[in-house]
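As provided, query37.txt (compact mmCIF, C-alpha atoms) reads as follows.
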```txt
# COMPACT_ATOMS: atom_id res chain seq x y z
CA MET A 1 -4.34 -17.51 11.55
CA ASP A 2 -5.81 -15.28 14.29
CA LEU A 3 -8.15 -12.82 12.56
CA THR A 4 -9.16 -10.90 15.71
CA ARG A 5 -6.22 -8.48 15.71
CA PRO A 6 -6.41 -5.90 12.93
CA ILE A 7 -4.10 -5.42 10.00
CA LEU A 8 -2.99 -1.78 10.05
CA VAL A 9 -2.59 0.22 6.83
CA THR A 10 -0.95 3.63 6.51
CA GLY A 11 -2.29 5.56 3.54
CA ALA A 12 -5.82 5.81 2.13
CA GLY A 13 -4.81 6.19 -1.49
CA VAL A 14 -5.51 3.73 -4.30
CA GLY A 15 -3.09 1.06 -3.05
CA GLY A 16 -3.93 1.31 0.64
CA LEU A 17 -7.68 1.14 0.08
CA THR A 18 -7.36 -1.73 -2.41
CA ALA A 19 -5.35 -3.73 0.13
CA ALA A 20 -7.82 -2.88 2.91
CA LEU A 21 -10.80 -3.99 0.82
CA ALA A 22 -9.09 -7.19 -0.33
CA LEU A 23 -8.13 -8.08 3.25
CA ALA A 24 -11.63 -7.36 4.53
CA ARG A 25 -13.11 -9.68 1.90
CA HIS A 26 -10.89 -12.43 3.31
CA GLY A 27 -12.23 -11.84 6.81
CA PHE A 28 -9.45 -9.70 8.25
CA ALA A 29 -10.19 -6.74 10.50
CA VAL A 30 -8.54 -3.69 8.91
CA ARG A 31 -7.80 -0.17 10.14
CA VAL A 32 -6.50 2.52 7.79
CA TYR A 33 -4.68 5.66 8.93
CA GLU A 34 -4.35 8.57 6.52
CA ARG A 35 -2.32 11.72 7.26
CA ARG A 36 -4.60 14.00 5.20
CA GLU A 37 -8.13 15.00 6.06
CA LEU A 38 -10.86 13.56 3.85
CA GLU A 39 -11.78 17.03 2.56
CA GLU A 40 -8.21 17.62 1.39
CA ILE A 41 -8.27 14.36 -0.58
CA THR A 42 -11.61 15.04 -2.24
CA THR A 43 -10.90 18.69 -3.10
CA ASN A 44 -7.42 17.98 -4.53
CA ALA A 45 -8.34 15.05 -6.75
CA GLY A 46 -8.11 17.03 -9.97
CA PHE A 47 -6.40 14.31 -11.93
CA GLY A 48 -7.16 10.87 -13.32
CA HIS A 49 -5.76 7.47 -14.15
CA THR A 50 -5.66 5.00 -16.96
CA ILE A 51 -6.40 1.75 -15.17
CA TRP A 52 -5.16 -0.98 -17.46
CA SER A 53 -6.76 -4.40 -17.79
CA ASN A 54 -4.34 -6.03 -15.33
CA ALA A 55 -5.66 -3.70 -12.61
CA THR A 56 -9.33 -3.50 -13.63
CA THR A 57 -9.40 -7.30 -13.61
CA SER A 58 -7.92 -7.21 -10.10
CA LEU A 59 -10.60 -4.76 -8.99
CA ARG A 60 -13.25 -7.01 -10.51
CA THR A 61 -12.11 -9.80 -8.16
CA LEU A 62 -13.06 -7.42 -5.32
CA GLY A 63 -16.62 -7.11 -6.62
CA LEU A 64 -16.08 -3.68 -8.18
CA GLY A 65 -16.34 -4.56 -11.87
CA GLU A 66 -19.75 -3.08 -12.67
CA ARG A 67 -19.37 -0.06 -10.39
CA LEU A 68 -15.98 0.72 -11.92
CA LEU A 69 -17.32 0.61 -15.49
CA ALA A 70 -20.26 2.82 -14.48
CA ARG A 71 -17.87 5.59 -13.40
CA ALA A 72 -15.21 5.18 -16.08
CA GLU A 73 -14.59 5.39 -19.82
CA PRO A 74 -13.37 2.26 -21.69
CA MET A 75 -9.99 2.68 -23.39
CA LEU A 76 -8.91 0.79 -26.52
CA GLY A 77 -5.44 2.11 -27.32
CA PHE A 78 -2.98 4.94 -28.03
CA GLU A 79 -2.56 7.53 -30.72
CA SER A 80 0.60 9.68 -30.79
CA ARG A 81 0.86 12.93 -32.78
CA ASN A 82 3.57 15.54 -33.14
CA SER A 83 3.01 19.30 -32.97
CA ARG A 84 2.16 19.35 -36.70
CA GLN A 85 -0.62 16.86 -35.90
CA GLN A 86 1.03 14.09 -37.88
CA VAL A 87 0.33 10.62 -36.51
CA MET A 88 3.55 9.08 -35.23
CA PHE A 89 2.06 5.72 -34.26
CA ARG A 90 -1.13 4.00 -33.15
CA THR A 91 -1.38 1.02 -30.83
CA ASN A 92 -4.51 -1.04 -30.15
CA THR A 93 -3.90 -2.27 -26.60
CA ALA A 94 -7.38 -3.82 -26.41
CA ASP A 95 -6.11 -6.63 -28.65
CA SER A 96 -3.50 -7.43 -25.98
CA ILE A 97 -5.97 -8.03 -23.13
CA TRP A 98 -5.95 -11.54 -21.71
CA PRO A 99 -9.04 -13.71 -22.40
CA GLY A 100 -11.89 -13.11 -20.00
CA CYS A 101 -10.29 -10.03 -18.43
CA ALA A 102 -11.85 -6.63 -17.81
CA PRO A 103 -11.25 -3.70 -20.18
CA THR A 104 -8.86 -0.82 -19.63
CA VAL A 105 -10.61 2.35 -18.42
CA GLY A 106 -10.00 6.04 -17.82
CA ILE A 107 -11.29 7.26 -14.46
CA GLY A 108 -10.92 10.32 -12.26
CA ARG A 109 -8.66 9.81 -9.26
CA GLY A 110 -11.39 11.12 -6.96
CA ASP A 111 -13.90 8.74 -8.54
CA LEU A 112 -11.61 5.74 -8.03
CA ILE A 113 -10.74 6.61 -4.44
CA GLY A 114 -14.41 7.28 -3.70
CA LEU A 115 -15.38 3.91 -5.14
CA LEU A 116 -12.76 2.09 -3.06
CA ARG A 117 -13.63 4.03 0.09
CA GLU A 118 -17.33 3.21 -0.23
CA ALA A 119 -16.57 -0.49 -0.70
CA CYS A 120 -14.20 -0.49 2.29
CA LEU A 121 -16.79 1.13 4.56
CA ASP A 122 -19.41 -1.38 3.38
CA ARG A 123 -17.03 -4.14 4.53
CA GLY A 124 -16.49 -2.60 7.95
CA VAL A 125 -13.01 -1.21 7.34
CA GLN A 126 -12.18 1.60 9.77
CA ILE A 127 -10.61 4.63 8.02
CA GLU A 128 -9.24 7.43 10.17
CA TYR A 129 -8.20 10.69 8.49
CA GLY A 130 -5.87 13.35 9.85
CA GLN A 131 -3.71 10.64 11.46
CA ARG A 132 -0.05 10.85 10.43
CA ALA A 133 2.14 7.82 11.15
CA THR A 134 5.52 8.57 12.75
CA GLY A 135 6.95 5.05 13.10
CA TYR A 136 6.37 1.56 14.44
CA GLU A 137 7.68 -0.97 16.96
CA ILE A 138 7.66 -4.75 16.61
CA ALA A 139 7.19 -6.88 19.73
CA GLY A 140 6.78 -10.60 19.25
CA ASP A 141 4.00 -11.26 16.77
CA GLU A 142 2.53 -7.77 17.07
CA VAL A 143 3.36 -4.36 15.63
CA THR A 144 2.51 -1.01 17.20
CA LEU A 145 1.96 1.97 14.94
CA LYS A 146 2.87 5.38 16.38
CA LEU A 147 0.78 8.39 15.39
CA ALA A 148 1.64 12.09 15.40
CA ASP A 149 -0.88 12.92 18.12
CA GLY A 150 1.01 10.66 20.53
CA SER A 151 -1.42 7.77 20.40
CA THR A 152 -0.58 4.23 19.31
CA VAL A 153 -2.47 1.30 17.86
CA THR A 154 -1.43 -2.35 17.88
CA GLY A 155 -2.18 -4.95 15.24
CA ALA A 156 -1.09 -8.25 13.74
CA GLY A 157 0.53 -6.59 10.73
CA LEU A 158 1.40 -3.22 9.21
CA ILE A 159 1.23 -2.25 5.53
CA GLY A 160 3.04 0.93 4.56
CA ALA A 161 1.04 2.33 1.64
CA ASP A 162 1.94 5.94 2.42
CA GLY A 163 3.56 6.99 -0.85
CA ILE A 164 6.98 7.81 -2.24
CA ARG A 165 8.07 9.58 0.98
CA SER A 166 6.71 6.83 3.21
CA THR A 167 7.36 6.98 6.95
CA ILE A 168 7.36 3.17 7.06
CA LEU A 169 9.90 3.01 4.22
CA GLU A 170 12.14 5.50 5.99
CA GLN A 171 12.20 3.43 9.17
CA LEU A 172 13.03 0.30 7.17
CA HIS A 173 15.78 1.82 5.04
CA GLY A 174 16.57 5.27 6.33
CA ARG A 175 15.83 8.24 4.11
CA ILE A 176 15.76 7.05 0.50
CA PRO A 177 16.60 9.89 -1.92
CA ALA A 178 13.99 10.10 -4.65
CA VAL A 179 15.34 10.17 -8.22
CA TYR A 180 14.19 13.12 -10.32
CA THR A 181 13.18 12.27 -13.89
CA GLY A 182 14.13 15.73 -15.16
CA ARG A 183 10.54 16.59 -16.02
CA SER A 184 7.61 18.37 -14.43
CA THR A 185 4.01 17.77 -15.37
CA TYR A 186 1.04 20.12 -15.42
CA ARG A 187 -2.32 18.44 -15.08
CA GLY A 188 -6.03 18.98 -14.77
CA ILE A 189 -9.52 17.83 -15.71
CA ALA A 190 -11.60 19.68 -18.32
CA PRO A 191 -15.38 19.34 -18.80
CA GLY A 192 -16.65 17.93 -22.07
CA THR A 193 -14.81 15.84 -24.64
CA CYS A 194 -12.71 18.73 -26.08
CA GLY A 195 -12.80 17.03 -29.47
CA LEU A 196 -11.00 13.88 -28.28
CA LYS A 197 -11.85 10.52 -29.79
CA ARG A 198 -13.44 8.09 -27.36
CA GLY A 199 -11.51 5.01 -26.34
CA THR A 200 -8.13 6.54 -27.13
CA VAL A 201 -5.25 7.78 -25.01
CA HIS A 202 -4.02 10.77 -27.04
CA LEU A 203 -0.29 11.47 -26.80
CA PHE A 204 1.39 14.71 -27.90
CA SER A 205 5.04 15.61 -28.46
CA ASP A 206 7.21 18.39 -29.86
CA PRO A 207 10.84 17.29 -30.26
CA ASP A 208 12.17 20.84 -30.68
CA SER A 209 10.89 22.10 -27.33
CA ARG A 210 10.85 18.62 -25.76
CA PHE A 211 7.33 19.26 -24.55
CA GLY A 212 5.00 16.29 -24.30
CA GLY A 213 1.68 15.26 -22.90
CA GLY A 214 -1.35 13.07 -22.96
CA ALA A 215 -5.12 13.31 -22.61
CA TRP A 216 -7.97 10.85 -22.38
CA LEU A 217 -11.64 10.74 -21.49
CA ILE A 218 -12.84 9.68 -18.07
CA GLY A 219 -16.35 8.99 -16.79
CA GLY A 220 -18.85 11.83 -16.97
CA ASP A 221 -17.58 13.17 -20.31
CA ARG A 222 -14.48 14.82 -18.85
CA VAL A 223 -10.93 15.00 -20.17
CA VAL A 224 -7.98 14.35 -17.90
CA TRP A 225 -4.76 15.80 -19.27
CA THR A 226 -1.09 16.06 -18.45
CA LEU A 227 1.59 18.19 -20.13
CA SER A 228 5.29 17.95 -19.38
CA CYS A 229 8.51 19.85 -19.86
CA GLU A 230 12.13 19.61 -18.77
CA ARG A 231 12.94 21.78 -15.76
CA THR A 232 14.93 22.11 -12.56
CA PRO A 233 12.93 20.64 -9.67
CA GLY A 234 11.40 23.01 -7.16
CA THR A 235 11.67 26.13 -9.33
CA GLU A 236 8.64 28.37 -9.68
CA ASP A 237 6.74 29.44 -12.79
CA PRO A 238 6.99 33.27 -12.82
CA GLN A 239 3.91 33.52 -15.02
CA GLY A 240 1.95 31.10 -12.84
CA ILE A 241 1.13 27.42 -13.29
CA PRO A 242 -1.99 27.83 -15.50
CA ALA A 243 -0.21 30.28 -17.81
CA ARG A 244 2.77 27.96 -18.20
CA ALA A 245 0.42 25.06 -19.00
CA ARG A 246 -1.20 27.19 -21.71
CA GLU A 247 2.21 27.99 -23.20
CA ILE A 248 3.07 24.30 -23.47
CA ALA A 249 -0.35 23.49 -24.90
CA ASP A 250 0.00 26.18 -27.58
CA VAL A 251 3.26 24.60 -28.77
CA LEU A 252 1.79 21.07 -28.84
CA GLY A 253 -1.30 22.25 -30.72
CA GLY A 254 -4.25 20.05 -31.65
CA PRO A 255 -6.81 19.77 -28.83
CA ALA A 256 -4.28 20.74 -26.12
CA PRO A 257 -5.05 24.49 -26.04
CA THR A 258 -8.77 23.68 -25.79
CA PHE A 259 -8.64 21.35 -22.83
CA VAL A 260 -6.20 23.56 -20.91
CA ARG A 261 -8.34 26.65 -21.57
CA ASP A 262 -11.53 24.83 -20.51
CA THR A 263 -10.07 23.57 -17.23
CA PRO A 264 -10.92 25.67 -14.15
CA GLN A 265 -7.64 27.55 -13.73
CA GLU A 266 -7.55 27.18 -9.95
CA THR A 267 -7.55 23.38 -10.30
CA ILE A 268 -4.51 23.13 -12.60
CA SER A 269 -1.54 21.74 -10.69
CA ARG A 270 2.12 20.92 -11.30
CA ILE A 271 4.30 18.16 -9.91
CA ASP A 272 7.98 17.35 -10.34
CA VAL A 273 8.14 13.65 -11.25
CA TYR A 274 10.30 11.41 -9.08
CA TYR A 275 10.79 7.68 -8.62
CA HIS A 276 12.75 5.34 -6.33
CA GLU A 277 15.85 3.35 -7.01
CA TRP A 278 15.02 -0.34 -6.87
CA LEU A 279 14.68 -1.89 -3.39
CA ASP A 280 14.95 -5.66 -2.95
CA HIS A 281 13.93 -5.47 0.71
CA TRP A 282 10.33 -4.39 1.34
CA GLY A 283 9.64 -5.50 4.88
CA GLU A 284 10.55 -7.11 8.19
CA GLY A 285 8.52 -9.36 10.47
CA PRO A 286 4.85 -8.29 10.37
CA VAL A 287 5.63 -5.14 8.32
CA THR A 288 5.74 -4.61 4.55
CA LEU A 289 5.45 -1.90 1.90
CA LEU A 290 3.00 -1.49 -0.96
CA GLY A 291 2.64 0.70 -4.04
CA ASP A 292 4.80 3.83 -4.30
CA ALA A 293 6.25 3.22 -0.84
CA ALA A 294 7.82 0.02 -2.18
CA HIS A 295 8.46 0.85 -5.84
CA ALA A 296 7.58 4.38 -6.95
CA LEU A 297 7.58 4.61 -10.77
CA PRO A 298 7.68 7.44 -13.31
CA THR A 299 4.29 8.11 -14.85
CA ASP A 300 5.17 6.66 -18.29
CA LEU A 301 2.91 3.71 -19.29
CA GLY A 302 0.46 4.64 -16.49
CA GLN A 303 1.32 1.69 -14.28
CA GLY A 304 1.87 3.32 -10.86
CA ALA A 305 -1.71 2.95 -9.63
CA CYS A 306 -2.05 -0.36 -11.47
CA MET A 307 0.94 -1.89 -9.66
CA ALA A 308 -0.47 -0.68 -6.33
CA ILE A 309 -3.82 -2.33 -7.12
CA GLU A 310 -2.08 -5.58 -8.05
CA ASP A 311 -0.04 -5.35 -4.82
CA GLY A 312 -3.20 -5.03 -2.74
CA VAL A 313 -5.00 -8.07 -4.10
CA VAL A 314 -1.88 -10.28 -4.09
CA LEU A 315 -0.99 -9.27 -0.52
CA ALA A 316 -4.45 -10.24 0.71
CA ASP A 317 -4.31 -13.48 -1.28
CA CYS A 318 -1.01 -14.40 0.37
CA LEU A 319 -2.16 -13.59 3.90
CA ALA A 320 -5.39 -15.54 3.39
CA THR A 321 -3.44 -18.77 2.82
CA ALA A 322 -0.50 -18.19 5.20
CA ALA A 323 0.14 -19.77 8.58
CA ASP A 324 1.03 -16.39 10.07
CA VAL A 325 1.38 -12.75 9.05
CA PRO A 326 5.19 -12.58 8.57
CA SER A 327 5.27 -15.63 6.30
CA GLY A 328 2.33 -14.27 4.31
CA LEU A 329 4.04 -10.93 3.82
CA ARG A 330 7.30 -12.54 2.69
CA GLU A 331 5.34 -14.61 0.16
CA TYR A 332 3.63 -11.42 -1.09
CA GLU A 333 7.01 -9.76 -1.55
CA ARG A 334 8.37 -12.80 -3.37
CA ARG A 335 5.41 -12.98 -5.74
CA ARG A 336 5.45 -9.27 -6.54
CA ARG A 337 9.16 -8.54 -6.88
CA GLU A 338 9.80 -10.02 -10.34
CA ARG A 339 6.57 -8.68 -11.81
CA VAL A 340 7.08 -5.12 -10.56
CA HIS A 341 10.74 -5.13 -11.61
CA TRP A 342 9.81 -6.15 -15.17
CA VAL A 343 7.21 -3.40 -15.45
CA ARG A 344 9.61 -0.88 -13.90
CA GLU A 345 12.32 -1.63 -16.46
CA HIS A 346 9.91 -1.03 -19.34
CA VAL A 347 8.66 2.20 -17.76
CA LEU A 348 12.22 3.47 -17.30
CA ARG A 349 13.11 2.53 -20.88
CA VAL A 350 10.34 4.85 -22.11
CA ASN A 351 11.21 7.54 -19.57
CA ARG A 352 14.87 7.65 -20.62
CA PHE A 353 14.08 8.14 -24.30
CA LYS A 354 15.31 11.55 -25.49
CA PRO A 355 13.94 13.30 -28.60
CA ILE A 356 16.41 13.67 -31.46
CA SER A 357 17.32 17.27 -32.28
CA ASN A 358 18.65 16.65 -35.82
CA LYS A 359 15.57 16.88 -38.05
CA ALA A 360 16.83 14.62 -40.83
CA LEU A 361 17.89 11.93 -38.39
CA ARG A 362 14.62 12.39 -36.51
CA TRP A 363 12.69 11.63 -39.71
CA VAL A 364 14.64 8.42 -40.31
CA VAL A 365 14.32 7.28 -36.70
CA GLY A 366 10.62 8.12 -36.76
CA LYS A 367 10.07 5.82 -39.73
CA ILE A 368 11.99 3.03 -38.00
CA ALA A 369 10.15 3.66 -34.73
CA LYS A 370 6.79 3.12 -36.39
CA VAL A 371 7.88 -0.35 -37.51
CA VAL A 372 9.38 -1.17 -34.10
CA VAL A 373 6.30 -0.01 -32.21
CA ALA A 374 4.00 -1.94 -34.53
CA SER A 375 5.97 -5.16 -34.04
CA SER A 376 6.94 -4.97 -30.37
CA ALA A 377 4.09 -3.09 -28.70
CA PRO A 378 1.48 -5.89 -28.77
CA LYS A 379 3.83 -8.32 -27.01
CA MET A 380 4.81 -5.76 -24.39
CA TRP A 381 1.25 -4.66 -23.69
CA ARG A 382 0.07 -8.25 -23.42
CA GLU A 383 2.61 -8.84 -20.67
CA VAL A 384 1.86 -5.50 -18.98
CA GLN A 385 -1.85 -6.40 -18.91
CA ARG A 386 -1.36 -9.89 -17.52
CA PRO A 387 -3.47 -10.02 -14.34
CA PRO A 388 -2.07 -11.54 -11.14
CA GLU A 389 -2.96 -15.14 -10.35
CA LEU A 390 -4.97 -15.47 -7.14
CA THR A 391 -5.48 -18.71 -5.25
CA ALA A 392 -7.51 -18.01 -2.09
CA GLU A 393 -11.29 -18.04 -2.06
CA ARG A 394 -13.00 -14.73 -1.28
CA SER A 395 -16.24 -13.91 0.45
```

Would you mind giving the structure from this file in structure tokens?
Amino acid sequence: MDLTRPILVTGAGVGGLTAALALARHGFAVRVYERRELEEITTNAGFGHTIWSNATTSLRTLGLGERLLARAEPMLGFESRNSRQQVMFRTNTADSIWPGCAPTVGIGRGDLIGLLREACLDRGVQIEYGQRATGYEIAGDEVTLKLADGSTVTGAGLIGADGIRSTILEQLHGRIPAVYTGRSTYRGIAPGTCGLKRGTVHLFSDPDSRFGGGAWLIGGDRVVWTLSCERTPGTEDPQGIPARAREIADVLGGPAPTFVRDTPQETISRIDVYYHEWLDHWGEGPVTLLGDAAHALPTDLGQGACMAIEDGVVLADCLATAADVPSGLREYERRRRERVHWVREHVLRVNRFKPISNKALRWVVGKIAKVVVASSAPKMWREVQRPPELTAERS
């Protein structure tokens, strides 16, 4: 394959930068175009990720294993409590990691993107910020990316990693209506440990109010947290976002009021959570989609960023062994489709679960749920944490 023409990537988030780094390690020239300015990305990174073993192992194949662990906090499992601080269930996901694989970690989003960006620049990847893609044209074995400033750039392939409202997705399929989950999340990062146990993703729920949330430690002794409630999308919080987050935290109890109070109030944000209906068709010719642009997921099970990371390393693996770019991209889509669909179905199963209002029935179901979780969770998490198989040699 001709490696002189660049592979173009739209989006400098987790998925786009992972793909760019993986491609560069296979000898491809890569150019990344990001609509936001770098300062906007770094100043609005007040959230974090749980990067499960399937994705940390993928990042380790890119030479990032030690640097990732240096900036992150190892995670061993879940603990779920109700608003009375009763333990609903515990799950040790570390026991479900595949032999020889890297551990699950908690890491700040800004830390992860910074790590990937540094590695990309070290490999000669060109990243241009403030460059919004408006569309593309395919001519023969080349693709031309159009940018908002009127300029164009031509390459051997185009990867749309530009998020749930992807410009590349829209050209492929027309405007795809995002599906609202019915919930909004408030999120932030608090300094210190806020009394949380290390190595544990702490989950919180109150079935009466239908509030929920989670919190876990990330590198640098910080707590990343998210709280959720049912709401109409796009509506405002009359009392303000930080005040509403404090109200939810007070109902959930435990450490929640502490980490919300300790978070710089101006950094607390809210998002309405959407996902995409399933798409079987991700690309055409030398163009494909990756991450949320291809398969946006609800946040349950924390697999959105992980699937994007897997996409990036598998895409590069396929191109490295393909005769040409289009055939490599179709092989990438084939290899990813079943895996992502399986994870998506399990995420949606959790997302669609509704708390039971009847207290007596809730108690019975809770007892049954503990048994079900204890018996089924290890098998599910082992499959979730299965890393992708890679075949091409890397430099």

For Phe211 of chain A: contacts at 6 Å, all atoms listed in the file, fewer than 6 positions along chain excluded, given as a short mmCIF file (atom, residue, chain, number, x, y, z; two decimals) with C-alpha atoms, keeping the file's coordinate frame:
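Output file part_8.cif follows:
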```
data_model
loop_
_atom_site.label_atom_id
_atom_site.label_comp_id
_atom_site.auth_asym_id
_atom_site.auth_seq_id
_atom_site.Cartn_x
_atom_site.Cartn_y
_atom_site.Cartn_z
CA SER A 205 5.04 15.61 -28.46
CA SER A 228 5.29 17.95 -19.38
CA CYS A 229 8.51 19.85 -19.86
#
```

Segment 68-73 of chain A: axis-aligned bounding box, 5 Å on each side, centre and edge lengths in Å, one decimal, as AutoDock Vina command-line options:
```
--center_x -17.4 --center_y 3.1 --center_z -15.9 --size_x 15.7 --size_y 15.0 --size_z 17.9
```

Give the answer as one residue: which of A:Ala215, A:Ala296, A:Ile138, A:Ala316 has the shortest atom-to-atom distance to Glu393 of chain A, using all atoms listed in the file? A:Ala316

Quick one, how far is atom CA of Gly214 of chain A from atom CA of Gly11 of chain A? 27.6 Å

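Coordinates place atom CA of Gly77 of chain A at a distance of 24.7 Å from atom CA of Gly291 of chain A.
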